Number of protein chains: 2
Amino acid sequence: MTETDVVNFCMLTGNWLELHSNVEHAKSSLYGQRLVQGSLVFSIVNAMIPFDSSVLAAFYGCDKLRFLRPTFIGDTLWARVEVADLKDHDENHGVVTSKLEGINQRDETVLRCQFSLLIRKSRLDHPGEPPKIQAAREESKGENA
Amino acid sequence: MTETDVVNFCMLTGNWLELHSNVEHAKSSLYGQRLVQGSLVFSIVNAMIPFDSSVLAAFYGCDKLRFLRPTFIGDTLWARVEVADLKDHDENHGVVTSKLEGINQRDETVLRCQFSLLIRKSRLDHPGEPPKIQAAREESKGENA
């Protein structure tokens, strides 16, 4: 999490809370320094999930999100994700719920939540691919077989 | 929510899921067009809460976050927030939980959650303010009295 990320996120959201953007103010705050925005930590950690575009339909929701430790500028985050639950949703979709954790270089869990995605029951097979690209892919498949 | 926001958010997170970034792929997806990222919708909606820097300590957590309707490029979002619960946390902090909703120009609730902030029991009174600025503020207070 770089200072650039924190400033870009202030610009993106329009939220310039002193806690994230004002070094002097942050010195008197709970942790004595600027905090990386919780929404940014959440966004970066869930963006590290290895999504599969052929089945992902939408972000369904999130439960029990907690920020257990602060994230500071200069920290490095990892994501750990483990499928916890599979539910039927409608004729064409199910909901997959995972236990998602964000862990920093000090081995601290900074974030924990139950993260749910709406998943297609059938795959989208290279939609929108131009015929020339498709032909090339089919050809290269034949070569590898 | 502009296309610029969606592309900037792809750049910020490094997550270039076809659902958000590939027009041709998105034509075959659930809503037939690119979706604004759920994490971005969440970040923008909660950034519209009128925070008070003198008492806000940290983002505590979030429960029951659900995306009830899709958000598309070109949609305009409002936030509605209502304090629902106040809990004691430690000697210097409490947790305020609000019912937060994101509502679009079609009057659809696109997002709903229980949003919790860690709040200071005592105010931070203009920390880091240089004496000259403080003097000017005190003077202007006297004028208004």
# chains A, B, ... in the order shown; residues from 1 in each chain; ligands from 1
>>> interface_residues(of="chain A", to="chain B", cutoff="6 Å", atoms="only C-alpha atoms", output="PDB file with N, CA and C atoms, in the first residue's frame")
ATOM      1  N   THR A  13     -12.625   8.898  -4.489  1.00  0.00           N
ATOM      2  CA  THR A  13     -13.857   8.924  -3.690  1.00  0.00           C
ATOM      3  C   THR A  13     -14.290  10.350  -3.357  1.00  0.00           C
ATOM      4  N   ASN A  15     -13.267  11.804  -0.841  1.00  0.00           N
ATOM      5  CA  ASN A  15     -13.222  11.822   0.621  1.00  0.00           C
ATOM      6  C   ASN A  15     -11.787  12.099   1.083  1.00  0.00           C
ATOM      7  N   GLU A  24      -0.151  16.026   9.804  1.00  0.00           N
ATOM      8  CA  GLU A  24      -0.092  16.691  11.116  1.00  0.00           C
ATOM      9  C   GLU A  24      -1.278  16.296  11.994  1.00  0.00           C
ATOM     10  N   HIS A  25      -2.455  16.246  11.395  1.00  0.00           N
ATOM     11  CA  HIS A  25      -3.652  15.824  12.127  1.00  0.00           C
ATOM     12  C   HIS A  25      -3.492  14.371  12.581  1.00  0.00           C
ATOM     13  N   GLY A  38      -9.940   2.038   4.988  1.00  0.00           N
ATOM     14  CA  GLY A  38     -10.473   0.678   5.109  1.00  0.00           C
ATOM     15  C   GLY A  38     -11.104   0.192   3.816  1.00  0.00           C
ATOM     16  N   SER A  39     -11.828   1.069   3.134  1.00  0.00           N
ATOM     17  CA  SER A  39     -12.463   0.668   1.868  1.00  0.00           C
ATOM     18  C   SER A  39     -11.416   0.311   0.821  1.00  0.00           C
ATOM     19  N   SER A  43     -10.891  -3.249  -0.896  1.00  0.00           N
ATOM     20  CA  SER A  43     -10.910  -3.331  -2.357  1.00  0.00           C
ATOM     21  C   SER A  43      -9.674  -4.051  -2.903  1.00  0.00           C
ATOM     22  N   ILE A  44      -8.519  -3.747  -2.316  1.00  0.00           N
ATOM     23  CA  ILE A  44      -7.264  -4.352  -2.790  1.00  0.00           C
ATOM     24  C   ILE A  44      -7.218  -5.830  -2.403  1.00  0.00           C
ATOM     25  N   ALA A  47      -9.558  -7.826  -4.540  1.00  0.00           N
ATOM     26  CA  ALA A  47      -9.113  -7.829  -5.944  1.00  0.00           C
ATOM     27  C   ALA A  47      -8.037  -8.883  -6.192  1.00  0.00           C
ATOM     28  N   PHE A  59     -20.709  -9.344  -7.858  1.00  0.00           N
ATOM     29  CA  PHE A  59     -20.366  -9.308  -6.429  1.00  0.00           C
ATOM     30  C   PHE A  59     -21.708  -9.354  -5.696  1.00  0.00           C
ATOM     31  N   TYR A  60     -21.927 -10.401  -4.901  1.00  0.00           N
ATOM     32  CA  TYR A  60     -23.225 -10.600  -4.251  1.00  0.00           C
ATOM     33  C   TYR A  60     -23.332  -9.818  -2.939  1.00  0.00           C
ATOM     34  N   GLY A  61     -22.295  -9.933  -2.098  1.00  0.00           N
ATOM     35  CA  GLY A  61     -22.344  -9.234  -0.817  1.00  0.00           C
ATOM     36  C   GLY A  61     -21.218  -9.645   0.108  1.00  0.00           C
ATOM     37  N   CYS A  62     -21.251  -9.123   1.317  1.00  0.00           N
ATOM     38  CA  CYS A  62     -20.162  -9.369   2.259  1.00  0.00           C
ATOM     39  C   CYS A  62     -20.716  -9.307   3.681  1.00  0.00           C
ATOM     40  N   ASP A  63     -20.280 -10.230   4.515  1.00  0.00           N
ATOM     41  CA  ASP A  63     -20.743 -10.266   5.906  1.00  0.00           C
ATOM     42  C   ASP A  63     -19.553 -10.244   6.858  1.00  0.00           C
ATOM     43  N   LYS A  64     -19.840  -9.701   8.045  1.00  0.00           N
ATOM     44  CA  LYS A  64     -18.867  -9.736   9.150  1.00  0.00           C
ATOM     45  C   LYS A  64     -17.492  -9.201   8.755  1.00  0.00           C
ATOM     46  N   LEU A  65     -17.488  -8.115   7.992  1.00  0.00           N
ATOM     47  CA  LEU A  65     -16.227  -7.458   7.654  1.00  0.00           C
ATOM     48  C   LEU A  65     -15.680  -6.741   8.887  1.00  0.00           C
ATOM     49  N   ARG A  66     -14.459  -7.074   9.291  1.00  0.00           N
ATOM     50  CA  ARG A  66     -13.830  -6.403  10.430  1.00  0.00           C
ATOM     51  C   ARG A  66     -12.390  -6.034  10.089  1.00  0.00           C
ATOM     52  N   PHE A  67     -12.011  -4.823  10.485  1.00  0.00           N
ATOM     53  CA  PHE A  67     -10.625  -4.386  10.352  1.00  0.00           C
ATOM     54  C   PHE A  67      -9.956  -4.624  11.696  1.00  0.00           C
ATOM     55  N   PRO A 127     -16.777 -15.072 -25.034  1.00  0.00           N
ATOM     56  CA  PRO A 127     -17.759 -14.234 -25.719  1.00  0.00           C
ATOM     57  C   PRO A 127     -17.089 -13.027 -26.367  1.00  0.00           C
ATOM     58  N   GLY A 128     -17.606 -12.629 -27.536  1.00  0.00           N
ATOM     59  CA  GLY A 128     -17.126 -11.422 -28.195  1.00  0.00           C
ATOM     60  C   GLY A 128     -15.827 -11.600 -28.952  1.00  0.00           C
TER      61      GLY A 128
END
>>> select_by_dssp(residues="chain A", states="helix (DSSP H, G or I)", output="VMD selection string")
chain A and resid 3 to 13 18 to 21 23 to 27 38 to 47 131 to 144
>>> select_by_dssp(residues="chain A", states="strand (DSSP E)", output="count of residues only")
50
>>> closest_residue(among="B:Ile133, B:Ile103, B:Met1, B:Met11", to="B:Arg80", atoms="only C-alpha atoms")
B:Ile103
>>> residues_around(residues="A:Thr76", least_positions_apart="3", cutoff="9 Å", atoms="only C-alpha atoms", output="list in words")
Met1, Thr2, Thr71, Ile73, Ile103, Asn104 and Gln105 of chain A
>>> atom_distance(atom1="atom CA of B:His89", atom2="atom CA of A:Glu108")
21.1 Å
